[in-house]
Amino acid sequence: MDSLVANNIRQRPLRALVSIAGVALGVCLVMLFTGLSRGMSNDLQRRSSSVLAEIYFTRPGGMELTTSTANLSVKYAEELSKIEGVQSAVPVIRYIFQGGRGFGFEQVQGVDWEPYAAMNDLKLVAGRAPAAADEIIIDEAKARNGNLSVGSTLALFGGKPYRITGIYSPEAEARVKMSLAAMQDALEAPGKCSYILVKTKDGVDPLAVVRRIEAQPSTQGNKIQLTRDIITNIEKTIPYLGVFLRALVGLSAVVSGLVVMLAMYTTITERTREIGMLKALGASRGYIVSVIEREAFVISLLGLVAGFVVSFVAGFLINRAYGLLFEYGWRWALVAALIGVGGGVLGALYPAVRAANLDPVNALAHE
Amino acid sequence: MKTILQAENVEKVYRVGSMDVAALRGVSLDLEEGEFLAIMGPSGCGKSTLLHLLGGLLTPSSGRIVIDGEDLTAASDAKRTDIRRRKIGFVFQRFNLFPTLTAEGNLRLAERIHAGGANGGEDSGERRREVLSLLKLEDKMHHKPLELSGGEQQRVALARAIVNRPAIILADEPTGNLDSENSAIVLNMFQEMNYRFNQTIIMITHNPEAAAMCRRIVQMRDGQIVAPNTGLQV
Ligand SMILES: Nc1ncnc2c1ncn2[C@@H]1O[C@H](COP(=O)(O)OP(=O)(O)O)[C@@H](O)[C@H]1O
Ligand SMILES: [Mg+2]
């Protein structure tokens with residue numbers, strides 16, 4: 001380690017800190033946003049994949065991720081359970097609303113507990129199923145994150161209080177559930193649901209059942225989807241997420257690059273005479289570029305480490321406060337690392353080359 | 001005796017806007033190994049310009065400069081830098097030490113650049129210590145420039161210039177910023193280096209007493225050498 005580089009950084013601790021913070025900011029942006037999108041999508045996927053019903057039966061438009069409609073008659077459930085190969089059909093209302101703390105969205109389900117639990121192999125770990133119109137059950141994660149237990153109340157639909165009567169496991173679809181009747185009541189949609197879950201009998205090919213449902217005249221005009229297709233579609237339900245993340249990564253690189261460029265630019269302006277001294281000692285252009293670049297590299301590296309630390313701490317704290325899940329992937333961490341260090345090193349290139357091209361006599365006469 | 005430096009009819013014209021300023025008008029100078037030469041003359045007569053040309057920090061408008069067998073004037077910018085790295089040690093009026101590095105750190109940086117930027121593993125630092133002790137700086141080794149007096153700083157600068165045993169040391173008014181006591185100490189050190197290592201030195205000075213220590217004095221005026229003097233007398 002060249003002591004000239006280390007001492008230069010030590011010489012101007014505030015500037016070094018600001019540039020480190022700039023790089024860290026870029027790294028944090030990438031880490032937090034990709035971590036959040038991964039965390040949310042994995043969370044949704046986990047909860048959907050614990051649904052054991054093979055078929056979703058909906059009206060067109062009833063299964064969008066961000067819409068909550070109850071436009072399907074529950075009477076179809078009866079028709080569906082009569083079809084050969086169907087073991088059970090359970091009507092569900094899904095209601096999606098803005099999260100209580102203004103970030104992301106939350107789901108509530110209206111479904112009759114016994115048939116739903118039997119269909120998907122869920123168990124109550126505490127309390128009992130909801131019965132009255134103001135009763136709900138929640139999953140273990142919700143209880144843990146929200147510090148909730150049987151008997152606590154939870155405000156839904158913009159302030160209406162609901163009493164928790166039980167806690168269930170494992171997590172499946174919405175973390176908060178009430179009875180179908182209670183939800184119909186709340187939404188003023190008697191006799192309606194969002195979709196009907198259809199579970200087939202053991203050993204029956206779900207596709208064969210789908211074909212039989214399609215052939216049935218009494219269920220025409222509705223949409224039939226396999227659960228496994230819906231799960232793979234979750235990534236695609238927020239269509240511009242990928243574009244957004246790429247734009248974010250690009251912006252972070254620009255931020256890191258500009259911050260380090262500015263820092264190194266002021267550095268070489270301030271140390272013009274020292275660059276002249278290096279030249280008088282016979283330092284080549286390459287050597288001078290390397291002195292500046294090594295300093296930029298050290299700053300970027302420190303920024304990278306700071307960015308990772310802040311990302312993990314922030315992810316943890318946001319999770320504690322808002323229940324949002326962050327999952328960091330190695331690939332995105334690598335991207336963030338390349339962004340931070342690459343941006344910094346690239347940003348320093350212009351000041352470094354400029355320093356290397358200074359006229360030695362003028363540089364020595366500086367100040 | 002070996003010729004270390006040859007300057008033949010060197011001219012330097014600065015362009016200032018649309019004006020040409022002739023700073024040197026045909027300077028020729030030869031220097032043998034081990035010489036200690038003083039350049040004197042009024043301010044603005046072209047002394048610094050000549051020194052910068054000899055050290056390859058500037059290129060002449062015409063003429064030829066050969067340092068220890070290598071032609072500076074025919075060399076590219078990179079090549080001139082390389083010749084400077086291997087053959088020249090500069091000492092300036094303003095000391096020009098790296099303020100963030102200790103005395104020893106300044107010498108180590110010079111050694112590293114001299115070695116072509118290679119870290120070269122852990123060197124023993126023997127030469128640094130030898131030079132620093134010759135210049136009576138052993139106990140100042142770990143001090144930074146701001147913790148040293150002007151005279152000490154200039155001794156560190158001399159130590160840094162000599163640590164790589166350059167063919168020539170070029171000193172531009174090395175005592176210009178020092179009081180007479182420190183001037184005397186620094187001049188003694190120059191003389192000591194010249195005597196002990198047979199170090200070739202060119203020194204610009206305004207001080208007749210300083211010049212008197214040199215074996216040879218050259219007088220300049222208006223970009224020309226007016227009194228090439230090979231004797232000891234002023
Ligand atoms: N970079 C420059 N641009 C234009 N003129 C210069 C420059 N450097 C020196 N000069 C001029 O060249 C002449 C010689 O300057 P210099 O070599 O510094 O003299 P000295 O060192 O003897 O005082 C002066 O007239 C000075 O104004
Ligand atoms: Mg001068």
# chains A, B, ... in the order shown; residues from 1 in each chain; ligands from 1

$ residues_near_ligand --ligand "ligand 1" --cutoff "10 Å" --atoms "only C-alpha atoms and all ligand atoms" --output "NGL selection string"
(:A and (359 or 361-362 or 365)) or (:B and (12-17 or 19-24 or 39-53 or 58 or 172-173 or 204-206 or 220-223))

$ write_last_selection --atoms "C-alpha atoms" --output "short mmCIF file (atom, residue, chain, number, x, y, z; two decimals), in the first residue's frame"
data_model
loop_
_atom_site.label_atom_id
_atom_site.label_comp_id
_atom_site.auth_asym_id
_atom_site.auth_seq_id
_atom_site.Cartn_x
_atom_site.Cartn_y
_atom_site.Cartn_z
CA ASP A 359 2.87 20.84 -17.43
CA VAL A 361 6.91 23.71 -14.53
CA ASN A 362 3.45 25.29 -14.24
CA ALA A 365 4.74 27.13 -9.74
CA LYS B 12 14.09 29.11 -25.47
CA VAL B 13 11.24 31.35 -26.59
CA TYR B 14 8.07 31.55 -24.50
CA ARG B 15 4.91 32.49 -26.28
CA VAL B 16 2.73 34.82 -24.25
CA GLY B 17 -0.45 35.54 -26.19
CA MET B 19 4.15 37.95 -27.97
CA ASP B 20 7.37 35.98 -28.07
CA VAL B 21 9.61 36.24 -25.03
CA ALA B 22 13.15 35.09 -25.71
CA ALA B 23 14.24 33.71 -22.34
CA LEU B 24 17.43 32.04 -23.58
CA ILE B 39 24.85 30.11 -12.00
CA MET B 40 24.39 33.73 -11.08
CA GLY B 41 22.64 36.65 -12.65
CA PRO B 42 19.83 39.14 -12.16
CA SER B 43 16.25 38.11 -11.82
CA GLY B 44 14.56 37.24 -15.11
CA CYS B 45 17.80 36.55 -17.00
CA GLY B 46 16.78 32.95 -17.72
CA LYS B 47 18.50 30.93 -14.96
CA SER B 48 15.45 28.88 -13.99
CA THR B 49 14.54 28.36 -17.63
CA LEU B 50 18.00 26.94 -18.27
CA LEU B 51 17.78 24.64 -15.27
CA HIS B 52 14.34 23.36 -16.29
CA LEU B 53 15.66 22.69 -19.79
CA LEU B 58 10.98 22.00 -20.65
CA ASP B 172 17.30 26.45 -8.05
CA GLU B 173 18.16 28.97 -5.32
CA ILE B 204 21.48 28.83 -9.11
CA THR B 205 22.19 31.41 -6.44
CA HIS B 206 22.05 35.12 -5.76
CA MET B 220 24.08 35.15 -17.03
CA ARG B 221 22.40 38.24 -18.42
CA ASP B 222 19.44 38.59 -20.79
CA GLY B 223 19.31 34.94 -21.67
#

$ interface_residues --of "chain A" --to "chain B" --cutoff "10 Å" --atoms "only C-alpha atoms" --output "MDAnalysis selection string"
chainID A and resid 1:11 271 273:288 290 359:362 364:365

$ select_by_dssp --residues "stretch 112-160 of chain A" --states "strand (DSSP E or B)" --output "list of chain:residue names"
A:Lys123, A:Leu124, A:Val125, A:Ala126, A:Gly127, A:Glu135, A:Ile136, A:Ile137, A:Ile138, A:Asp139, A:Thr153, A:Leu154, A:Ala155, A:Leu156, A:Lys160

$ write_last_selection --atoms "N, CA, C and O atoms" --output "PDB file, in the first residue's frame"
ATOM      1  N   LYS A 123     -53.031 -25.503   9.644  1.00  0.00           N
ATOM      2  CA  LYS A 123     -53.412 -25.805  11.026  1.00  0.00           C
ATOM      3  C   LYS A 123     -53.503 -24.513  11.829  1.00  0.00           C
ATOM      4  O   LYS A 123     -52.728 -23.588  11.604  1.00  0.00           O
ATOM      5  N   LEU A 124     -54.412 -24.515  12.764  1.00  0.00           N
ATOM      6  CA  LEU A 124     -54.433 -23.413  13.725  1.00  0.00           C
ATOM      7  C   LEU A 124     -53.394 -23.721  14.787  1.00  0.00           C
ATOM      8  O   LEU A 124     -53.378 -24.821  15.330  1.00  0.00           O
ATOM      9  N   VAL A 125     -52.515 -22.792  15.069  1.00  0.00           N
ATOM     10  CA  VAL A 125     -51.540 -23.037  16.144  1.00  0.00           C
ATOM     11  C   VAL A 125     -51.991 -22.373  17.434  1.00  0.00           C
ATOM     12  O   VAL A 125     -51.429 -22.633  18.500  1.00  0.00           O
ATOM     13  N   ALA A 126     -52.977 -21.490  17.339  1.00  0.00           N
ATOM     14  CA  ALA A 126     -53.518 -20.861  18.552  1.00  0.00           C
ATOM     15  C   ALA A 126     -54.943 -20.404  18.257  1.00  0.00           C
ATOM     16  O   ALA A 126     -55.265 -20.069  17.107  1.00  0.00           O
ATOM     17  N   GLY A 127     -55.792 -20.391  19.250  1.00  0.00           N
ATOM     18  CA  GLY A 127     -57.136 -19.826  19.127  1.00  0.00           C
ATOM     19  C   GLY A 127     -58.066 -20.670  18.280  1.00  0.00           C
ATOM     20  O   GLY A 127     -57.887 -21.882  18.141  1.00  0.00           O
ATOM     21  N   GLU A 135     -64.170 -10.718  13.133  1.00  0.00           N
ATOM     22  CA  GLU A 135     -63.110 -11.606  13.606  1.00  0.00           C
ATOM     23  C   GLU A 135     -62.195 -12.012  12.451  1.00  0.00           C
ATOM     24  O   GLU A 135     -62.650 -12.196  11.318  1.00  0.00           O
ATOM     25  N   ILE A 136     -60.909 -12.137  12.761  1.00  0.00           N
ATOM     26  CA  ILE A 136     -59.939 -12.551  11.741  1.00  0.00           C
ATOM     27  C   ILE A 136     -58.942 -13.543  12.335  1.00  0.00           C
ATOM     28  O   ILE A 136     -58.806 -13.640  13.565  1.00  0.00           O
ATOM     29  N   ILE A 137     -58.251 -14.265  11.437  1.00  0.00           N
ATOM     30  CA  ILE A 137     -57.073 -15.023  11.873  1.00  0.00           C
ATOM     31  C   ILE A 137     -55.890 -14.549  11.032  1.00  0.00           C
ATOM     32  O   ILE A 137     -56.054 -14.057   9.915  1.00  0.00           O
ATOM     33  N   ILE A 138     -54.702 -14.728  11.595  1.00  0.00           N
ATOM     34  CA  ILE A 138     -53.496 -14.287  10.892  1.00  0.00           C
ATOM     35  C   ILE A 138     -52.472 -15.415  10.909  1.00  0.00           C
ATOM     36  O   ILE A 138     -52.604 -16.364  11.704  1.00  0.00           O
ATOM     37  N   ASP A 139     -51.458 -15.326  10.027  1.00  0.00           N
ATOM     38  CA  ASP A 139     -50.420 -16.365  10.044  1.00  0.00           C
ATOM     39  C   ASP A 139     -49.309 -15.997  11.029  1.00  0.00           C
ATOM     40  O   ASP A 139     -49.293 -14.903  11.594  1.00  0.00           O
ATOM     41  N   THR A 153     -56.271  -6.568  18.468  1.00  0.00           N
ATOM     42  CA  THR A 153     -57.114  -6.073  17.377  1.00  0.00           C
ATOM     43  C   THR A 153     -56.229  -5.498  16.278  1.00  0.00           C
ATOM     44  O   THR A 153     -55.101  -5.058  16.515  1.00  0.00           O
ATOM     45  N   LEU A 154     -56.773  -5.535  15.059  1.00  0.00           N
ATOM     46  CA  LEU A 154     -56.055  -5.060  13.896  1.00  0.00           C
ATOM     47  C   LEU A 154     -57.040  -4.217  13.093  1.00  0.00           C
ATOM     48  O   LEU A 154     -58.179  -4.630  12.883  1.00  0.00           O
ATOM     49  N   ALA A 155     -56.601  -3.014  12.683  1.00  0.00           N
ATOM     50  CA  ALA A 155     -57.501  -2.151  11.903  1.00  0.00           C
ATOM     51  C   ALA A 155     -57.341  -2.469  10.419  1.00  0.00           C
ATOM     52  O   ALA A 155     -56.244  -2.534   9.898  1.00  0.00           O
ATOM     53  N   LEU A 156     -58.462  -2.728   9.741  1.00  0.00           N
ATOM     54  CA  LEU A 156     -58.441  -3.009   8.309  1.00  0.00           C
ATOM     55  C   LEU A 156     -59.392  -2.062   7.610  1.00  0.00           C
ATOM     56  O   LEU A 156     -60.214  -1.403   8.259  1.00  0.00           O
ATOM     57  N   LYS A 160     -61.309   0.164  10.401  1.00  0.00           N
ATOM     58  CA  LYS A 160     -62.295  -0.694  11.078  1.00  0.00           C
ATOM     59  C   LYS A 160     -61.561  -1.737  11.930  1.00  0.00           C
ATOM     60  O   LYS A 160     -60.688  -2.446  11.425  1.00  0.00           O
TER      61      LYS A 160
END

$ residues_around --residues "stretch 259-266 of chain A" --least-positions-apart "2" --cutoff "8 Å" --atoms "only C-alpha atoms" --output "PyMOL selection string"
chain A and resi 15-16+19+22-23+255-257+268-270+292+296+299-300+343-345+347-352

$ write_last_selection --atoms "N, CA, C and O atoms" --output "compact mmCIF listing (two decimals), in the first residue's frame"
# COMPACT_ATOMS: atom_id res chain seq x y z
N ARG A 15 -13.72 15.12 3.05
CA ARG A 15 -13.96 14.86 1.63
C ARG A 15 -13.98 13.36 1.36
O ARG A 15 -14.82 12.87 0.60
N ALA A 16 -13.05 12.64 1.99
CA ALA A 16 -13.03 11.19 1.80
C ALA A 16 -14.37 10.61 2.25
O ALA A 16 -14.97 9.79 1.55
N SER A 19 -17.14 11.36 -0.27
CA SER A 19 -17.09 10.52 -1.47
C SER A 19 -17.42 9.07 -1.14
O SER A 19 -18.07 8.38 -1.93
N GLY A 22 -21.05 8.90 -1.02
CA GLY A 22 -21.63 8.92 -2.36
C GLY A 22 -21.64 7.55 -3.00
O GLY A 22 -22.64 7.12 -3.56
N VAL A 23 -20.51 6.86 -2.89
CA VAL A 23 -20.43 5.51 -3.45
C VAL A 23 -21.38 4.59 -2.69
O VAL A 23 -22.12 3.79 -3.28
N VAL A 255 -23.98 8.05 -10.19
CA VAL A 255 -23.78 8.75 -8.92
C VAL A 255 -22.39 8.46 -8.38
O VAL A 255 -21.63 9.38 -8.05
N SER A 256 -22.02 7.19 -8.31
CA SER A 256 -20.69 6.82 -7.79
C SER A 256 -19.61 7.48 -8.63
O SER A 256 -18.65 8.06 -8.10
N GLY A 257 -19.76 7.38 -9.93
CA GLY A 257 -18.74 7.93 -10.82
C GLY A 257 -18.58 9.42 -10.64
O GLY A 257 -17.48 9.93 -10.52
N ILE A 268 -6.87 16.83 -7.19
CA ILE A 268 -5.71 17.16 -8.04
C ILE A 268 -5.53 18.67 -8.17
O ILE A 268 -4.43 19.15 -8.34
N THR A 269 -6.63 19.40 -8.07
CA THR A 269 -6.51 20.86 -8.12
C THR A 269 -5.74 21.34 -6.90
O THR A 269 -4.84 22.17 -6.98
N GLU A 270 -6.10 20.74 -5.76
CA GLU A 270 -5.48 21.13 -4.52
C GLU A 270 -4.02 20.69 -4.47
O GLU A 270 -3.19 21.34 -3.84
N ILE A 292 -3.59 8.41 -8.55
CA ILE A 292 -4.95 8.94 -8.43
C ILE A 292 -5.97 7.80 -8.43
O ILE A 292 -6.91 7.78 -7.63
N ALA A 296 -8.80 6.57 -5.69
CA ALA A 296 -10.21 6.41 -6.04
C ALA A 296 -10.68 4.99 -5.72
O ALA A 296 -11.80 4.78 -5.24
N ILE A 299 -11.21 4.62 -1.98
CA ILE A 299 -12.44 5.31 -1.59
C ILE A 299 -13.67 4.50 -2.02
O ILE A 299 -14.60 4.29 -1.25
N SER A 300 -13.64 4.01 -3.27
CA SER A 300 -14.77 3.23 -3.76
C SER A 300 -14.96 1.96 -2.95
O SER A 300 -16.09 1.56 -2.64
N GLY A 343 -17.70 2.47 -11.12
CA GLY A 343 -18.08 3.87 -11.27
C GLY A 343 -16.99 4.78 -10.73
O GLY A 343 -16.62 5.77 -11.37
N GLY A 344 -16.48 4.44 -9.55
CA GLY A 344 -15.45 5.26 -8.92
C GLY A 344 -14.17 5.31 -9.75
O GLY A 344 -13.61 6.39 -10.00
N VAL A 345 -13.73 4.15 -10.20
CA VAL A 345 -12.47 4.08 -10.95
C VAL A 345 -12.61 4.80 -12.29
O VAL A 345 -11.72 5.53 -12.73
N GLY A 347 -14.83 7.20 -12.93
CA GLY A 347 -14.99 8.62 -12.66
C GLY A 347 -13.65 9.31 -12.40
O GLY A 347 -13.46 10.47 -12.75
N ALA A 348 -12.72 8.57 -11.79
CA ALA A 348 -11.41 9.15 -11.46
C ALA A 348 -10.51 9.24 -12.67
O ALA A 348 -9.48 9.91 -12.63
N LEU A 349 -10.89 8.57 -13.75
CA LEU A 349 -10.01 8.50 -14.91
C LEU A 349 -9.75 9.89 -15.50
O LEU A 349 -8.61 10.23 -15.83
N TYR A 350 -10.81 10.68 -15.61
CA TYR A 350 -10.64 12.01 -16.21
C TYR A 350 -9.68 12.87 -15.37
O TYR A 350 -8.69 13.38 -15.91
N PRO A 351 -9.93 13.04 -14.05
CA PRO A 351 -8.96 13.81 -13.27
C PRO A 351 -7.56 13.21 -13.30
O PRO A 351 -6.57 13.95 -13.32
N ALA A 352 -7.46 11.87 -13.33
CA ALA A 352 -6.14 11.22 -13.31
C ALA A 352 -5.36 11.56 -14.58
O ALA A 352 -4.18 11.91 -14.52

$ residues_around --residues "B:Leu54" --least-positions-apart "4" --cutoff "10 Å" --atoms "only C-alpha atoms" --output "compact mmCIF listing (two decimals) with all heavy atoms, in the first residue's frame"
# COMPACT_ATOMS: atom_id res chain seq x y z
N LEU B 5 27.41 16.68 -18.87
CA LEU B 5 26.39 17.51 -19.49
C LEU B 5 26.98 18.34 -20.61
O LEU B 5 28.06 18.90 -20.47
CB LEU B 5 25.77 18.43 -18.44
CG LEU B 5 24.72 19.42 -18.93
CD1 LEU B 5 23.58 19.50 -17.94
CD2 LEU B 5 25.29 20.80 -19.17
N GLN B 6 26.22 18.38 -21.73
CA GLN B 6 26.60 19.27 -22.82
C GLN B 6 25.36 20.01 -23.26
O GLN B 6 24.35 19.38 -23.58
CB GLN B 6 27.07 18.44 -24.02
CG GLN B 6 28.47 17.90 -23.93
CD GLN B 6 28.69 17.00 -25.12
OE1 GLN B 6 28.18 15.89 -25.16
NE2 GLN B 6 29.44 17.49 -26.09
N ALA B 7 25.45 21.34 -23.27
CA ALA B 7 24.36 22.14 -23.83
C ALA B 7 24.95 22.94 -24.97
O ALA B 7 25.98 23.60 -24.80
CB ALA B 7 23.77 23.05 -22.78
N VAL B 10 21.64 26.58 -26.86
CA VAL B 10 20.24 26.36 -26.47
C VAL B 10 19.47 27.67 -26.47
O VAL B 10 19.92 28.66 -25.90
CB VAL B 10 20.17 25.70 -25.08
CG1 VAL B 10 18.72 25.63 -24.59
CG2 VAL B 10 20.79 24.32 -25.13
N SER B 48 16.37 29.99 -14.25
CA SER B 48 15.45 28.88 -13.99
C SER B 48 15.08 28.17 -15.29
O SER B 48 15.00 26.93 -15.33
CB SER B 48 14.18 29.38 -13.30
OG SER B 48 14.48 29.87 -12.03
N THR B 49 14.86 28.96 -16.33
CA THR B 49 14.54 28.36 -17.63
C THR B 49 15.63 27.39 -18.05
O THR B 49 15.35 26.26 -18.47
CB THR B 49 14.36 29.48 -18.67
OG1 THR B 49 13.31 30.35 -18.26
CG2 THR B 49 14.04 28.90 -20.04
N LEU B 50 16.88 27.81 -17.90
CA LEU B 50 18.00 26.94 -18.27
C LEU B 50 17.99 25.65 -17.44
O LEU B 50 18.15 24.55 -17.97
CB LEU B 50 19.33 27.70 -18.08
CG LEU B 50 20.60 26.88 -18.36
CD1 LEU B 50 20.63 26.39 -19.80
CD2 LEU B 50 21.86 27.69 -18.04
N LEU B 58 11.36 21.18 -19.50
CA LEU B 58 10.98 22.00 -20.65
C LEU B 58 11.75 21.51 -21.86
O LEU B 58 12.79 20.87 -21.71
CB LEU B 58 11.35 23.47 -20.41
CG LEU B 58 10.58 24.31 -19.41
CD1 LEU B 58 11.22 25.69 -19.31
CD2 LEU B 58 9.13 24.44 -19.83
N THR B 59 11.25 21.84 -23.05
CA THR B 59 12.03 21.54 -24.26
C THR B 59 12.52 22.85 -24.86
O THR B 59 11.79 23.83 -24.89
CB THR B 59 11.18 20.82 -25.31
OG1 THR B 59 9.91 21.45 -25.38
CG2 THR B 59 11.00 19.36 -24.96
N PRO B 60 13.76 22.88 -25.36
CA PRO B 60 14.29 24.11 -25.94
C PRO B 60 13.64 24.39 -27.29
O PRO B 60 13.15 23.48 -27.96
CB PRO B 60 15.78 23.81 -26.10
CG PRO B 60 15.89 22.34 -26.16
CD PRO B 60 14.75 21.78 -25.36
N ARG B 64 20.78 21.82 -28.45
CA ARG B 64 20.89 20.41 -28.11
C ARG B 64 21.37 20.27 -26.66
O ARG B 64 22.23 21.02 -26.21
CB ARG B 64 21.88 19.73 -29.03
CG ARG B 64 21.67 18.26 -29.24
CD ARG B 64 22.46 17.82 -30.47
NE ARG B 64 23.81 17.41 -30.08
CZ ARG B 64 24.15 16.14 -29.87
NH1 ARG B 64 23.27 15.18 -30.01
NH2 ARG B 64 25.38 15.84 -29.52
N ILE B 65 20.77 19.32 -25.95
CA ILE B 65 21.20 19.05 -24.58
C ILE B 65 21.44 17.55 -24.44
O ILE B 65 20.56 16.75 -24.75
CB ILE B 65 20.14 19.50 -23.55
CG1 ILE B 65 19.92 21.02 -23.62
CG2 ILE B 65 20.56 19.10 -22.13
CD1 ILE B 65 18.70 21.51 -22.88
N VAL B 66 22.64 17.19 -24.00
CA VAL B 66 22.96 15.77 -23.78
C VAL B 66 23.34 15.57 -22.33
O VAL B 66 24.20 16.26 -21.79
CB VAL B 66 24.12 15.32 -24.71
CG1 VAL B 66 24.45 13.85 -24.46
CG2 VAL B 66 23.77 15.55 -26.17
N ILE B 67 22.64 14.66 -21.67
CA ILE B 67 22.90 14.36 -20.27
C ILE B 67 23.48 12.96 -20.17
O ILE B 67 22.81 11.99 -20.55
CB ILE B 67 21.59 14.39 -19.44
CG1 ILE B 67 20.88 15.74 -19.50
CG2 ILE B 67 21.85 13.97 -17.99
CD1 ILE B 67 21.41 16.76 -18.55
N LEU B 72 18.57 14.71 -24.67
CA LEU B 72 17.26 15.12 -24.16
C LEU B 72 16.40 15.74 -25.26
O LEU B 72 15.18 15.57 -25.28
CB LEU B 72 17.44 16.19 -23.07
CG LEU B 72 17.42 15.78 -21.61
CD1 LEU B 72 17.54 17.02 -20.74
CD2 LEU B 72 16.16 15.02 -21.26
N THR B 73 17.05 16.48 -26.16
CA THR B 73 16.28 17.26 -27.13
C THR B 73 15.63 16.38 -28.18
O THR B 73 14.60 16.74 -28.74
CB THR B 73 17.18 18.32 -27.79
OG1 THR B 73 18.52 17.82 -27.87
CG2 THR B 73 17.20 19.57 -26.95
N ARG B 84 15.00 11.91 -16.83
CA ARG B 84 14.96 12.68 -15.58
C ARG B 84 14.93 11.75 -14.37
O ARG B 84 15.61 11.97 -13.37
CB ARG B 84 13.73 13.59 -15.58
CG ARG B 84 13.58 14.43 -14.33
CD ARG B 84 12.66 15.61 -14.54
NE ARG B 84 11.28 15.18 -14.79
CZ ARG B 84 10.63 15.35 -15.91
NH1 ARG B 84 11.22 15.93 -16.94
NH2 ARG B 84 9.39 14.94 -16.05
N ILE B 88 18.52 12.75 -12.99
CA ILE B 88 18.43 14.10 -12.44
C ILE B 88 17.84 14.09 -11.03
O ILE B 88 16.90 13.36 -10.75
CB ILE B 88 17.51 14.99 -13.32
CG1 ILE B 88 17.94 14.95 -14.79
CG2 ILE B 88 17.45 16.43 -12.78
CD1 ILE B 88 19.19 15.75 -15.10
N ILE B 168 23.31 14.28 -12.14
CA ILE B 168 23.42 15.70 -11.79
C ILE B 168 22.33 16.09 -10.79
O ILE B 168 21.19 15.63 -10.91
CB ILE B 168 23.20 16.62 -13.03
CG1 ILE B 168 24.04 16.17 -14.21
CG2 ILE B 168 23.53 18.07 -12.69
CD1 ILE B 168 23.83 17.04 -15.44
N LEU B 170 20.28 19.41 -9.81
CA LEU B 170 19.97 20.76 -10.27
C LEU B 170 19.25 21.48 -9.14
O LEU B 170 18.18 21.06 -8.72
CB LEU B 170 19.07 20.69 -11.51
CG LEU B 170 19.64 19.94 -12.72
CD1 LEU B 170 18.59 19.82 -13.83
CD2 LEU B 170 20.89 20.63 -13.25
N ILE B 202 24.65 21.55 -10.20
CA ILE B 202 24.49 22.90 -10.73
C ILE B 202 23.57 23.64 -9.78
O ILE B 202 22.48 23.15 -9.47
CB ILE B 202 23.89 22.91 -12.15
CG1 ILE B 202 24.80 22.17 -13.14
CG2 ILE B 202 23.65 24.36 -12.62
CD1 ILE B 202 24.28 22.14 -14.56

$ closest_residue --among "B:Ala38, B:Glu8, B:Glu33, B:Ser133" --to "B:Ser62" --atoms "only C-alpha atoms"
B:Glu8

$ closest_residue --among "B:Ala75, B:Lys136, B:Gly26, B:Asn188" --to "B:Ala159" --atoms "only C-alpha atoms"
B:Lys136

$ residues_around --residues "stretch 190-200 of chain B" --least-positions-apart "3" --cutoff "7 Å" --atoms "only C-alpha atoms" --output "PyMOL selection string"
chain B and resi 33-36+167-169+186-187
